[in-house]
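Participant: Quick one: structure below, then a few questions.
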Amino acid sequence: MKVSLKDLMTMAKPAAELRLKALCKIWEAKPINCFQCMRCTSGCTSLKLLELKPHEIVDLVKFGFIDELLASDIIWTCATCLKCKERCPQKASPYDLIMALRNVTVEQEAKVPEFYMNTVSQILETGLMQNVQKITTRTMEPLDREKLGLPKIALAGNKFKECLMKALGGA
Amino acid sequence: MHVAVFWGCRILTEHYAYEMSVREVMPRLGVDLVDLKSTTCCGDPIKSVSDFAVTFLSARILAEAGKTGLTDLLVPCNRCHLTLSETKYRLDRDVETLEKVEALLGEEGLKYPDELRIWHTIDLLHDAVNLKEIAEKVKIPLDGFKLATHPGCQIIRPSEIGRADESEMPKKLDELVKALGAETVDYSEKLDCCGAALLATHQETALSLAGTKIKALLGYDVEGLVVSCPECHLMYDARQEAASTAVGGKLKLPVFYYTQLLGVALGVEHKTLGLDLNQSPVRELLQKKLGK
Ligand code: SF4
Ligand code: SF4
């Protein structure tokens, strides 16, 4: 029987809240300690242009509005700059929380930007996140690794794919 | 010093100038690079999808690195460097996850290494090779170059897991640039993010972030920007035109990988440093300053 990527990702569907708690434990993120000082938001890369306010995400999680967050676009606006994680005095780490929320969204088969799932398929297929790109110089001369004198890429064998499938299913 | 090297997908499949320049400069400074026997993604691009899959993918790379028998691993991409460092930090502490990961690695005949130090280009050059050694090997000093550096987010944060430089006042890249004879400019937007992680899903925002920084830099009369990450380079170099358009300007700023400039100063032929591949006007600046 061939198990599809989608089957794997959705085989186990524990309650969102439980799953989020488990993920927070792994990352040692402590939303409960947040005292709303807003240091995270004041330095957030995505505040101005995408109106991401990390302190609000932490607050919503604290008060149990998890399903609302999973359904919202806002968790996909983080630029992954890690400033909030670095600067939070309470180790609440909005960044880790946002990543955990994204993971749970995938598990719940909710709204995930296509790009991320396409990347998973690509890695499963070739081991790498994208195919080798042909590039051109500023004078439009087409070049590839060989022409540039770079060695062949040593890819992984078939066994790798099997292991990654298992890892995606939570192994 | 022999060092295993993990390039990561982005460098191997697209950002060839970084790979070329690292391969050129390292042996000249006494660092011999050993490629991994098999390479796969570090997991960074799917952090949003599955935490455990990311841990498996990066542990796999650490295991491949261990297989070389070496205890030092160079990871020139900022994002790969973060992901591998995060996984190492976790697996060195979380026995339960380590056991799960080791079971999977075992299926490919791999083993999580007991000892491995993860380096980035910047701390390897700054701390292991050192500034004095670099300055002594400079054949063509970059006198009169007024440059700015962009360290990038992921090699300086989060400091609790150990990063390549200090989180709020990173200085290694500046010191490395100065070791080549150039001047560097301090600027208040230095820690601003390049926006690369948003490029696929929020393109306009990503380009505005990059464009805003380029605009600010030109305001300081900077002649060139120095980076050390393929993603930052993509945003400021290959996407420079689109980034300028996003902020309503016609901006032109030469953008180099540090290892390209280092190669120039060491007297390496420009072609083998991939300088033809930069889309920003790097050749013009070198021509103006060095006459070649
Ligand atoms: S997450 Fe941290 S930085 Fe943000 S408001 Fe809460 S305590 Fe402050
Ligand atoms: S990691 Fe995300 S949420 Fe945190 S400061 Fe950066 S963009 Fe904002």
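In the structure tokens, chains take letters A, B, ... by order of appearance, with residues numbered from 1 within each chain and ligands from 1 in the order shown.
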List every residue of chain B that has an atom at most 6 Å from any atom of chain A, and for each one report the closest atom pair and its distance in Å to one decimal, counting only C-alpha atoms, with rows sorted by chain and then by increasing residue number, as CSV.
Facilitator:
```
residue,atom,partner,partner_atom,distance
B:Cys9,CA,A:Leu128,CA,5.5
B:Thr13,CA,A:Val132,CA,4.2
B:Glu14,CA,A:Gln133,CA,5.4
B:Ser38,CA,A:Ala154,CA,4.8
B:Thr39,CA,A:Leu155,CA,5.4
B:Thr40,CA,A:Gly127,CA,4.8
B:Cys41,CA,A:Leu128,CA,4.9
B:Ser48,CA,A:Arg102,CA,5.3
B:Val49,CA,A:Asn103,CA,4.9
B:Ser50,CA,A:Asn103,CA,5.5
B:Ala53,CA,A:Ala167,CA,4.8
B:Cys153,CA,A:Cys81,CA,5.4
B:Pro158,CA,A:Glu86,CA,5.2
B:Ala197,CA,A:Ala79,CA,5.4
B:Leu198,CA,A:Ala79,CA,5.8
B:Asp276,CA,A:Thr137,CA,5.5
B:Leu277,CA,A:Thr137,CA,4.7
B:Gln279,CA,A:Arg138,CA,5.7
```
Participant: From a backbone DSSP assignment, name each residue in segment 6-157 of chain A labelled helix (DSSP H, G or I), as a VMD selection string.
Facilitator: chain A and resid 6 to 10 16 to 27 31 to 33 39 to 42 47 to 50 54 to 62 66 to 71 73 to 76 83 to 87 94 to 107 114 to 126
Participant: Could you list the protein, DNA and RNA residues that have any atom within 12 Å of ligand 1, counting only C-alpha atoms and all ligand atoms, and write them as a VMD selection string?
Facilitator: chain A and resid 29 to 44 53 to 62 82 to 98
Participant: Write out as a PyMOL selection string the residues lying within 10 Å of segment 58-63 of chain B, counting only C-alpha atoms and excluding same-chain residues fewer than 2 positions away.
Facilitator: (chain A and resi 160) or (chain B and resi 6+8+36+38-44+53-56+65-68+73+80-81+83-88+91+98+101-102+104-105+108-118)
Participant: Output C-alpha atoms for every residue in that selection, as a short mmCIF file (atom, residue, chain, number, x, y, z; two decimals), in the first residue's frame.
Facilitator:
```
data_model
loop_
_atom_site.label_atom_id
_atom_site.label_comp_id
_atom_site.auth_asym_id
_atom_site.auth_seq_id
_atom_site.Cartn_x
_atom_site.Cartn_y
_atom_site.Cartn_z
CA PHE A 160 16.38 8.35 2.82
CA PHE B 6 27.68 21.09 4.48
CA GLY B 8 22.82 23.19 2.00
CA LEU B 36 29.88 15.06 2.77
CA SER B 38 25.60 12.38 0.64
CA THR B 39 23.72 15.60 1.10
CA THR B 40 20.07 16.37 1.80
CA CYS B 41 18.09 19.39 3.00
CA CYS B 42 18.78 20.58 6.58
CA GLY B 43 15.05 20.87 7.19
CA ASP B 44 14.84 24.66 7.48
CA ALA B 53 10.89 15.98 10.37
CA VAL B 54 13.20 19.00 10.68
CA THR B 55 15.00 17.41 13.62
CA PHE B 56 15.43 14.19 11.65
CA ALA B 65 29.40 15.02 9.03
CA GLY B 66 30.38 12.63 11.82
CA LYS B 67 30.98 9.93 9.22
CA THR B 68 33.88 11.93 7.78
CA LEU B 73 31.70 21.16 10.39
CA CYS B 80 21.22 25.85 7.69
CA HIS B 81 23.60 26.97 10.44
CA THR B 83 18.75 24.66 11.98
CA LEU B 84 21.70 22.36 12.60
CA SER B 85 22.63 24.29 15.77
CA GLU B 86 19.05 24.10 17.08
CA THR B 87 18.92 20.35 16.49
CA LYS B 88 22.29 19.76 18.10
CA LEU B 91 19.48 16.35 20.87
CA LEU B 98 17.46 11.50 20.36
CA VAL B 101 16.02 10.10 15.73
CA GLU B 102 18.75 7.49 16.17
CA LEU B 104 15.63 6.42 11.95
CA LEU B 105 19.28 7.24 11.30
CA GLU B 108 20.43 4.40 6.71
CA GLY B 109 23.44 3.09 8.62
CA LEU B 110 24.04 6.52 10.16
CA LYS B 111 24.87 7.48 13.73
CA TYR B 112 24.42 10.75 15.60
CA PRO B 113 27.97 12.00 16.32
CA ASP B 114 29.37 12.24 19.85
CA GLU B 115 31.42 15.28 19.14
CA LEU B 116 30.97 17.95 16.50
CA ARG B 117 31.56 21.68 16.42
CA ILE B 118 29.41 23.64 14.00
#
```
Participant: Do you have the atom CA of Ala16 of chain A-atom CA of Ala71 of chain A distance handy?
Facilitator: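 Result for atom CA of Ala16 of chain A versus atom CA of Ala71 of chain A: 11.7 Å, one decimal.
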Participant: How far is it from atom CA of Glu64 of chain B to atom CA of Tyr258 of chain B, in Å with one decimal?
Facilitator: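 Straight-line distance from atom CA of Glu64 of chain B to atom CA of Tyr258 of chain B works out to 26.9 Å.
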Participant: Which residues of chain B sit at most 12 Å from ligand 2, using only C-alpha atoms and all ligand atoms? Give each one's shortest atom pair and distance in Å (one decimal place), in chain and ascending residue order, as a tab-separated table.
Facilitator:
```
residue	atom	partner	partner_atom_place_in_ligand_line	distance
B:Cys153	CA	ligand 2	6 (Fe)	9.1
B:Gln154	CA	ligand 2	1 (S)	10.2
B:Arg157	CA	ligand 2	1 (S)	10.1
B:Pro158	CA	ligand 2	1 (S)	10.3
B:Leu191	CA	ligand 2	6 (Fe)	11.4
B:Asp192	CA	ligand 2	6 (Fe)	10.0
B:Cys193	CA	ligand 2	6 (Fe)	8.4
B:Cys194	CA	ligand 2	7 (S)	11.0
B:Gly195	CA	ligand 2	7 (S)	9.0
B:Ala196	CA	ligand 2	7 (S)	11.3
B:Ala197	CA	ligand 2	7 (S)	9.4
B:Leu198	CA	ligand 2	7 (S)	9.5
B:Thr205	CA	ligand 2	7 (S)	11.7
B:Ala206	CA	ligand 2	7 (S)	11.3
B:Leu209	CA	ligand 2	7 (S)	11.5
```
Participant: Convert the current residue selection to file output with all heavy atoms, as an mmCIF file, in the first residue's frame.
Facilitator:
```cif
data_model
loop_
_atom_site.group_PDB
_atom_site.id
_atom_site.type_symbol
_atom_site.label_atom_id
_atom_site.label_comp_id
_atom_site.auth_asym_id
_atom_site.auth_seq_id
_atom_site.Cartn_x
_atom_site.Cartn_y
_atom_site.Cartn_z
ATOM 1 N N CYS B 153 20.060 37.550 10.308
ATOM 2 C CA CYS B 153 19.404 37.247 11.589
ATOM 3 C C CYS B 153 19.885 35.939 12.200
ATOM 4 O O CYS B 153 20.064 35.827 13.406
ATOM 5 C CB CYS B 153 17.900 37.133 11.389
ATOM 6 S SG CYS B 153 17.151 38.665 10.807
ATOM 7 N N GLN B 154 20.019 34.917 11.363
ATOM 8 C CA GLN B 154 20.045 33.571 11.897
ATOM 9 C C GLN B 154 21.391 33.113 12.440
ATOM 10 O O GLN B 154 21.444 32.109 13.134
ATOM 11 C CB GLN B 154 19.498 32.601 10.849
ATOM 12 C CG GLN B 154 18.196 33.142 10.258
ATOM 13 C CD GLN B 154 17.028 32.200 10.373
ATOM 14 O OE1 GLN B 154 17.206 31.000 10.402
ATOM 15 N NE2 GLN B 154 15.836 32.730 10.433
ATOM 16 N N ARG B 157 21.161 35.030 16.352
ATOM 17 C CA ARG B 157 20.080 34.737 17.310
ATOM 18 C C ARG B 157 19.636 33.290 17.151
ATOM 19 O O ARG B 157 19.754 32.757 16.063
ATOM 20 C CB ARG B 157 18.892 35.679 17.046
ATOM 21 C CG ARG B 157 19.160 37.126 17.423
ATOM 22 C CD ARG B 157 17.915 37.980 17.235
ATOM 23 N NE ARG B 157 17.615 38.216 15.827
ATOM 24 C CZ ARG B 157 18.060 39.247 15.110
ATOM 25 N NH1 ARG B 157 18.813 40.163 15.649
ATOM 26 N NH2 ARG B 157 17.752 39.356 13.839
ATOM 27 N N PRO B 158 19.057 32.635 18.138
ATOM 28 C CA PRO B 158 18.970 33.069 19.528
ATOM 29 C C PRO B 158 20.254 32.724 20.281
ATOM 30 O O PRO B 158 20.788 31.618 20.139
ATOM 31 C CB PRO B 158 17.807 32.221 20.059
ATOM 32 C CG PRO B 158 17.841 30.972 19.239
ATOM 33 C CD PRO B 158 18.402 31.341 17.900
ATOM 34 N N LEU B 191 20.708 45.613 11.956
ATOM 35 C CA LEU B 191 20.066 44.352 12.346
ATOM 36 C C LEU B 191 18.737 44.117 11.630
ATOM 37 O O LEU B 191 18.054 43.126 11.889
ATOM 38 C CB LEU B 191 19.856 44.298 13.865
ATOM 39 C CG LEU B 191 21.126 44.369 14.722
ATOM 40 C CD1 LEU B 191 20.782 44.178 16.194
ATOM 41 C CD2 LEU B 191 22.156 43.319 14.294
ATOM 42 N N ASP B 192 18.353 45.019 10.737
ATOM 43 C CA ASP B 192 17.087 44.816 10.020
ATOM 44 C C ASP B 192 17.163 43.588 9.124
ATOM 45 O O ASP B 192 18.170 43.350 8.454
ATOM 46 C CB ASP B 192 16.746 46.059 9.171
ATOM 47 C CG ASP B 192 16.315 47.243 10.034
ATOM 48 O OD1 ASP B 192 16.341 47.098 11.273
ATOM 49 O OD2 ASP B 192 15.974 48.296 9.470
ATOM 50 N N CYS B 193 16.081 42.829 9.122
ATOM 51 C CA CYS B 193 16.010 41.547 8.401
ATOM 52 C C CYS B 193 15.869 41.773 6.890
ATOM 53 O O CYS B 193 15.230 42.734 6.452
ATOM 54 C CB CYS B 193 14.786 40.804 8.957
ATOM 55 S SG CYS B 193 14.320 39.321 8.081
ATOM 56 N N CYS B 194 16.448 40.875 6.086
ATOM 57 C CA CYS B 194 16.399 41.014 4.624
ATOM 58 C C CYS B 194 15.034 40.650 4.056
ATOM 59 O O CYS B 194 14.714 40.984 2.921
ATOM 60 C CB CYS B 194 17.467 40.144 3.965
ATOM 61 S SG CYS B 194 17.090 38.374 4.010
ATOM 62 N N GLY B 195 14.240 39.910 4.820
ATOM 63 C CA GLY B 195 12.879 39.577 4.363
ATOM 64 C C GLY B 195 12.772 38.296 3.550
ATOM 65 O O GLY B 195 11.676 37.915 3.137
ATOM 66 N N ALA B 196 13.873 37.604 3.327
ATOM 67 C CA ALA B 196 13.868 36.451 2.422
ATOM 68 C C ALA B 196 12.805 35.405 2.764
ATOM 69 O O ALA B 196 12.187 34.827 1.866
ATOM 70 C CB ALA B 196 15.243 35.788 2.404
ATOM 71 N N ALA B 197 12.579 35.184 4.066
ATOM 72 C CA ALA B 197 11.649 34.119 4.458
ATOM 73 C C ALA B 197 10.220 34.417 4.014
ATOM 74 O O ALA B 197 9.374 33.522 4.014
ATOM 75 C CB ALA B 197 11.696 33.901 5.963
ATOM 76 N N LEU B 198 9.958 35.663 3.649
ATOM 77 C CA LEU B 198 8.596 36.012 3.226
ATOM 78 C C LEU B 198 8.455 36.043 1.701
ATOM 79 O O LEU B 198 7.360 36.266 1.179
ATOM 80 C CB LEU B 198 8.201 37.379 3.799
ATOM 81 C CG LEU B 198 8.004 37.450 5.329
ATOM 82 C CD1 LEU B 198 7.854 38.904 5.768
ATOM 83 C CD2 LEU B 198 6.790 36.637 5.753
ATOM 84 N N THR B 205 6.034 42.498 0.511
ATOM 85 C CA THR B 205 6.597 42.841 1.820
ATOM 86 C C THR B 205 8.084 42.510 1.863
ATOM 87 O O THR B 205 8.904 43.318 2.302
ATOM 88 C CB THR B 205 5.886 42.040 2.936
ATOM 89 O OG1 THR B 205 4.502 42.315 2.863
ATOM 90 C CG2 THR B 205 6.421 42.411 4.300
ATOM 91 N N ALA B 206 8.420 41.320 1.391
ATOM 92 C CA ALA B 206 9.821 40.890 1.404
ATOM 93 C C ALA B 206 10.675 41.891 0.620
ATOM 94 O O ALA B 206 11.733 42.334 1.089
ATOM 95 C CB ALA B 206 9.939 39.498 0.806
ATOM 96 N N LEU B 209 11.105 45.194 2.445
ATOM 97 C CA LEU B 209 12.076 45.113 3.541
ATOM 98 C C LEU B 209 13.493 45.256 2.992
ATOM 99 O O LEU B 209 14.310 46.024 3.511
ATOM 100 C CB LEU B 209 11.928 43.787 4.295
ATOM 101 C CG LEU B 209 10.697 43.650 5.198
ATOM 102 C CD1 LEU B 209 10.529 42.206 5.665
ATOM 103 C CD2 LEU B 209 10.784 44.579 6.404
#
```
Participant: So, counting only C-alpha atoms, which residue among B:Leu12, B:Leu147, B:Ala216, B:Leu180 is closest to Pro254 of chain B?
Facilitator: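 Closest to Pro254 of chain B, using only C-alpha atoms: B:Leu147.
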Participant: Show which residues sit within 8 Å of Ile214 of chain B, as JSON, numbers by chain. Count only C-alpha atoms, and ignore same-chain residues fewer than 3 positions away.
Facilitator: {"B": [210, 211, 217, 218, 236, 244, 251, 253]}
Participant: So what do you get for atom CA of Arg19 of chain A versus atom CA of Asp51 of chain B, distance-wise?
Facilitator: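 Computing the Euclidean distance for atom CA of Arg19 of chain A and atom CA of Asp51 of chain B yields 11.6 Å.
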Participant: Got a sec: who's within 12 Å of Leu225 of chain B, counting only C-alpha atoms, leaving out chain neighbours fewer than 5 positions off, as a PyMOL selection string?
Facilitator: chain B and resi 145-151+173-174+177+182-187+190+213-218+220+232-233+235-237+240+252-258+260-261+280-282+285
